[in-house]
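Novice: Questions regarding the structure given below will be posed in turn.
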Amino acid sequence: MMSGTSMAAPHVAGLAALIKKKFPSFSPAAVASALSTTASLHDKNGGPIMAQRAYSNPDMNQSPATPFDMGSGFVNATAALDPGLIFYSSYDDYISFLCGINGSAAVVLNYTGLSCTNSTLTGADVNLPSITIAKLNQTRMVNRTVTNVGVNETFSVGWSAPYGVNVKVMPPHFFIAAGDKQVLTVFLNATTNNSVASYGRIGLFGDKGHIVNIPLSIVVKTYYNVSN
């Protein structure tokens, strides 16, 4: 109640219904992607979104919000109805993620009737419109697949790297026809030893005006092994 999620939930549910009306074939993951990638990073005055850091004197205890505070940002209903690109995750993807958690096979079988196979996904590898790495041990490669639900378009890729991490995204430019898919490969390299979460962002900028924002969060970063 104090954080405001009680009112955010019905507003977002209503927007999801609008998206589902325009795109009847969209799965819940596709709807969530459209809402997330088109969200605004600024408040109504054009300033940064702020996060409350204490319940006492909330106006005096604020600082710029991170993805762990605000997710992808403030929803933009108009933009969400024309997302351009979406990140699609299937039921099987989530089952593979659950099966990748140690000791989860019996629970997955009990609740879904499905047996876990050797095909598993880590949380970072689920095709979500965000990337979070809990422990970056020197280097990591992450793939994301986007699907064009708009028109033929050429995109340029830009990014701001989290502190202590070098980032590279391939390809840096791509053309994608309506209905087609494109795999993006994100290379992450730790440049320092640090256990404080740091944040960046990947942006896809289309020549037809679509902008796709992907939050990037790295928690523990290990540049080299430290022995006692």
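In the structure tokens, chains take letters A, B, ... by order of appearance, with residues numbered from 1 within each chain and ligands from 1 in the order shown.
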Using backbone DSSP assignments, extract all helix (DSSP H, G or I) residues from region 56-150 of chain A; output them as number ranges by chain.
Specialist: A: 58-60, 67-70, 77-80, 91-99, 105-112, 123-125
Novice: If we count only C-alpha atoms, what is near region 84-97 of chain A at a cut-off of 7 Å, once residues fewer than 3 positions away on the same chain are taken out, given as a PyMOL selection string?
Specialist: chain A and resi 29-30+33-34+100+119-123+126-129+145-150+210
Novice: Quick one: pull the distance between CA of Val220 (chain A) and CA of Arg144 (chain A), Å, one decimal.
Specialist: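 So the two atoms, CA of Val220 (chain A) and CA of Arg144 (chain A), lie 21.6 Å apart.
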Novice: Let's see if you can do this: from backbone DSSP, list all strand (DSSP E or B) residues in region 54-209 of chain A, as JSON, numbers by chain.
Specialist: {"A": [62, 63, 64, 74, 85, 86, 87, 131, 132, 133, 134, 135, 136, 137, 139, 140, 141, 142, 143, 144, 145, 146, 147, 148, 153, 154, 155, 156, 157, 158, 159, 160, 165, 166, 167, 168, 169, 170, 173, 174, 175, 176, 181, 182, 183, 184, 185, 186, 187, 188, 189, 190, 194, 198, 199, 200, 201, 202, 203, 204, 205, 206]}
Novice: Which residue, A:Ala177, A:Lys221, A:Ala124, A:Ala39, has the smallest gap to Thr191 (chain A) when you use only C-alpha atoms?
Specialist: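 Nearest candidate to Thr191 (chain A) out of A:Ala177, A:Lys221, A:Ala124, A:Ala39: A:Lys221.
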Novice: Give me the residues near Gln138 (chain A) as JSON, numbers by chain, where near means some atom within 8 Å (using only C-alpha atoms) and where sequence neighbours in that chain fewer than 3 positions away do not count.
Specialist: {"A": [189, 190, 191, 221, 222, 223, 224]}
Novice: Report as a PyMOL selection string all protein, DNA and RNA residues lying within 10 Å of Pro48 (chain A), evaluated on only C-alpha atoms, omitting residues in the same chain fewer than 3 positions from it.
Specialist: chain A and resi 40-45+51+63-65+73
Novice: Taking into account only C-alpha atoms, which residue in the set A:Thr192, A:Asn213, A:Asn76, A:Asn137 is nearest to Ser160 (chain A)?
Specialist: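 Closest candidate: A:Asn213.
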Novice: Write out as a list in words the residues lying within 8 Å of region 12-16 of chain A, counting only C-alpha atoms and excluding same-chain residues fewer than 2 positions away.
Specialist: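 Once the adjacent positions are removed, what remains is Ala8, Ala9, Pro10, Leu18, Ile19, Lys20, Val31, Ala32, Leu35, Val75 and Ala77 of chain A.
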Novice: May I have the residues from that selection written out with N, CA, C and O atoms, as a PDB file, in the first residue's frame?
Specialist:
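Saved to selection-v7.pdb:
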ATOM      1  N   ALA A   8      -0.800   0.748  -9.176  1.00  0.00           N
ATOM      2  CA  ALA A   8      -0.050   0.487 -10.407  1.00  0.00           C
ATOM      3  C   ALA A   8      -0.572  -0.761 -11.109  1.00  0.00           C
ATOM      4  O   ALA A   8      -0.687  -0.802 -12.328  1.00  0.00           O
ATOM      5  N   ALA A   9      -0.922  -1.783 -10.323  1.00  0.00           N
ATOM      6  CA  ALA A   9      -1.339  -3.058 -10.921  1.00  0.00           C
ATOM      7  C   ALA A   9      -2.575  -2.917 -11.814  1.00  0.00           C
ATOM      8  O   ALA A   9      -2.551  -3.380 -12.961  1.00  0.00           O
ATOM      9  N   PRO A  10      -3.678  -2.292 -11.357  1.00  0.00           N
ATOM     10  CA  PRO A  10      -4.831  -2.180 -12.256  1.00  0.00           C
ATOM     11  C   PRO A  10      -4.587  -1.267 -13.446  1.00  0.00           C
ATOM     12  O   PRO A  10      -5.137  -1.504 -14.534  1.00  0.00           O
ATOM     13  N   LEU A  18      -5.449  -3.166 -23.543  1.00  0.00           N
ATOM     14  CA  LEU A  18      -5.420  -2.392 -24.786  1.00  0.00           C
ATOM     15  C   LEU A  18      -4.461  -3.016 -25.800  1.00  0.00           C
ATOM     16  O   LEU A  18      -4.766  -3.118 -26.994  1.00  0.00           O
ATOM     17  N   ILE A  19      -3.289  -3.439 -25.317  1.00  0.00           N
ATOM     18  CA  ILE A  19      -2.299  -4.053 -26.206  1.00  0.00           C
ATOM     19  C   ILE A  19      -2.847  -5.371 -26.762  1.00  0.00           C
ATOM     20  O   ILE A  19      -2.707  -5.679 -27.950  1.00  0.00           O
ATOM     21  N   LYS A  20      -3.485  -6.153 -25.893  1.00  0.00           N
ATOM     22  CA  LYS A  20      -4.042  -7.436 -26.326  1.00  0.00           C
ATOM     23  C   LYS A  20      -5.147  -7.231 -27.363  1.00  0.00           C
ATOM     24  O   LYS A  20      -5.322  -8.045 -28.284  1.00  0.00           O
ATOM     25  N   VAL A  31       3.184  -8.953 -24.352  1.00  0.00           N
ATOM     26  CA  VAL A  31       2.532  -7.764 -23.795  1.00  0.00           C
ATOM     27  C   VAL A  31       3.477  -7.063 -22.818  1.00  0.00           C
ATOM     28  O   VAL A  31       3.650  -5.833 -22.852  1.00  0.00           O
ATOM     29  N   ALA A  32       4.092  -7.842 -21.937  1.00  0.00           N
ATOM     30  CA  ALA A  32       5.027  -7.267 -20.971  1.00  0.00           C
ATOM     31  C   ALA A  32       6.209  -6.605 -21.667  1.00  0.00           C
ATOM     32  O   ALA A  32       6.685  -5.551 -21.244  1.00  0.00           O
ATOM     33  N   LEU A  35       5.196  -3.186 -23.066  1.00  0.00           N
ATOM     34  CA  LEU A  35       5.108  -2.193 -21.994  1.00  0.00           C
ATOM     35  C   LEU A  35       6.489  -1.780 -21.492  1.00  0.00           C
ATOM     36  O   LEU A  35       6.725  -0.608 -21.175  1.00  0.00           O
ATOM     37  N   VAL A  75       5.293   3.536 -17.614  1.00  0.00           N
ATOM     38  CA  VAL A  75       4.655   3.031 -18.824  1.00  0.00           C
ATOM     39  C   VAL A  75       4.167   4.183 -19.701  1.00  0.00           C
ATOM     40  O   VAL A  75       3.765   5.229 -19.211  1.00  0.00           O
ATOM     41  N   ALA A  77       1.491   4.469 -22.641  1.00  0.00           N
ATOM     42  CA  ALA A  77       0.430   3.708 -23.308  1.00  0.00           C
ATOM     43  C   ALA A  77       0.500   3.837 -24.828  1.00  0.00           C
ATOM     44  O   ALA A  77       0.332   2.849 -25.555  1.00  0.00           O
TER      45      ALA A  77
END
Novice: Could you state the separation of CA of Asp180 (chain A) and CA of Asn152 (chain A) in Å, given to one decimal place?
Specialist: 9.1 Å
Novice: Using only C-alpha atoms, can you tell me which of A:Gly200, A:Gly209, A:Gly103, A:Gly113 comes closest to Thr154 (chain A)?
Specialist: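 Among the listed residues, A:Gly209 lies closest to Thr154 (chain A).
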Novice: Which residue, A:Thr139, A:Asn118, A:Gln182, A:Asn194, has the smallest gap to Lys168 (chain A) when you use only C-alpha atoms?
Specialist: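 Once distances to Lys168 (chain A) are computed over only C-alpha atoms, the minimum belongs to A:Thr139.
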Novice: Quick one: pull the distance between CA of Gly203 (chain A) and CA of Met7 (chain A), Å, one decimal.
Specialist: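 The value is 28.9 Å.
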Novice: I'd like the contact shell of Leu216 (chain A) - 10 Å cut-off, only C-alpha atoms, skipping same-chain residues fewer than 5 positions apart - returned as a PyMOL selection string.
Specialist: chain A and resi 67+72+129-133+159-162+198-202
Novice: Go ahead and dump the residues you just picked, N, CA, C and O atoms, as a CSV table (one decimal), in the first residue's frame.
Specialist:
chain,number,residue,atom,x,y,z
A,67,PRO,N,17.2,0.4,-12.2
A,67,PRO,CA,16.2,-0.6,-12.7
A,67,PRO,C,15.7,-1.5,-11.6
A,67,PRO,O,14.6,-2.0,-11.7
A,72,SER,N,11.7,-0.9,-15.9
A,72,SER,CA,12.0,-0.2,-17.2
A,72,SER,C,11.6,1.2,-17.2
A,72,SER,O,12.1,2.0,-18.1
A,129,PRO,N,13.1,-8.6,-21.9
A,129,PRO,CA,13.6,-7.2,-22.3
A,129,PRO,C,14.4,-6.5,-21.3
A,129,PRO,O,14.3,-5.3,-21.1
A,130,SER,N,15.3,-7.3,-20.6
A,130,SER,CA,16.2,-6.7,-19.7
A,130,SER,C,17.3,-7.8,-19.5
A,130,SER,O,17.1,-8.9,-19.8
A,131,ILE,N,18.4,-7.4,-18.9
A,131,ILE,CA,19.5,-8.3,-18.7
A,131,ILE,C,20.0,-8.0,-17.3
A,131,ILE,O,20.4,-6.9,-16.9
A,132,THR,N,20.1,-9.0,-16.4
A,132,THR,CA,20.6,-8.9,-15.1
A,132,THR,C,21.6,-10.1,-14.9
A,132,THR,O,21.2,-11.2,-15.1
A,133,ILE,N,22.8,-9.8,-14.5
A,133,ILE,CA,23.8,-10.8,-14.1
A,133,ILE,C,24.1,-10.6,-12.7
A,133,ILE,O,24.6,-9.6,-12.2
A,159,TRP,N,24.6,1.8,-26.4
A,159,TRP,CA,24.6,1.3,-25.0
A,159,TRP,C,25.4,2.2,-24.1
A,159,TRP,O,26.3,3.0,-24.5
A,160,SER,N,25.0,2.2,-22.8
A,160,SER,CA,25.8,2.8,-21.7
A,160,SER,C,26.2,1.7,-20.8
A,160,SER,O,25.3,0.9,-20.4
A,161,ALA,N,27.5,1.5,-20.5
A,161,ALA,CA,27.9,0.4,-19.8
A,161,ALA,C,27.8,0.6,-18.3
A,161,ALA,O,28.1,1.7,-17.8
A,162,PRO,N,27.5,-0.4,-17.5
A,162,PRO,CA,27.5,-0.3,-16.0
A,162,PRO,C,28.9,-0.1,-15.6
A,162,PRO,O,29.9,-0.5,-16.2
A,198,SER,N,25.7,-2.2,-10.3
A,198,SER,CA,25.9,-1.1,-11.2
A,198,SER,C,25.0,-1.3,-12.4
A,198,SER,O,24.6,-2.4,-12.8
A,199,TYR,N,24.6,-0.2,-13.1
A,199,TYR,CA,23.5,-0.2,-14.1
A,199,TYR,C,23.9,0.5,-15.4
A,199,TYR,O,24.6,1.4,-15.4
A,200,GLY,N,23.4,-0.1,-16.4
A,200,GLY,CA,23.6,0.5,-17.8
A,200,GLY,C,22.3,0.3,-18.6
A,200,GLY,O,21.2,0.0,-18.0
A,201,ARG,N,22.4,0.5,-19.9
A,201,ARG,CA,21.2,0.4,-20.7
A,201,ARG,C,21.7,0.1,-22.2
A,201,ARG,O,22.7,0.6,-22.6
A,202,ILE,N,20.9,-0.7,-22.8
A,202,ILE,CA,21.1,-0.9,-24.3
A,202,ILE,C,19.9,-0.3,-25.0
A,202,ILE,O,18.7,-0.5,-24.6
Novice: Which is closest to Leu81 (chain A) among A:Ala134, A:Leu114, A:Val108, A:Ala17, if we use only C-alpha atoms?
Specialist: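 Using only C-alpha atoms, Leu81 (chain A) sits closest to A:Ala17.
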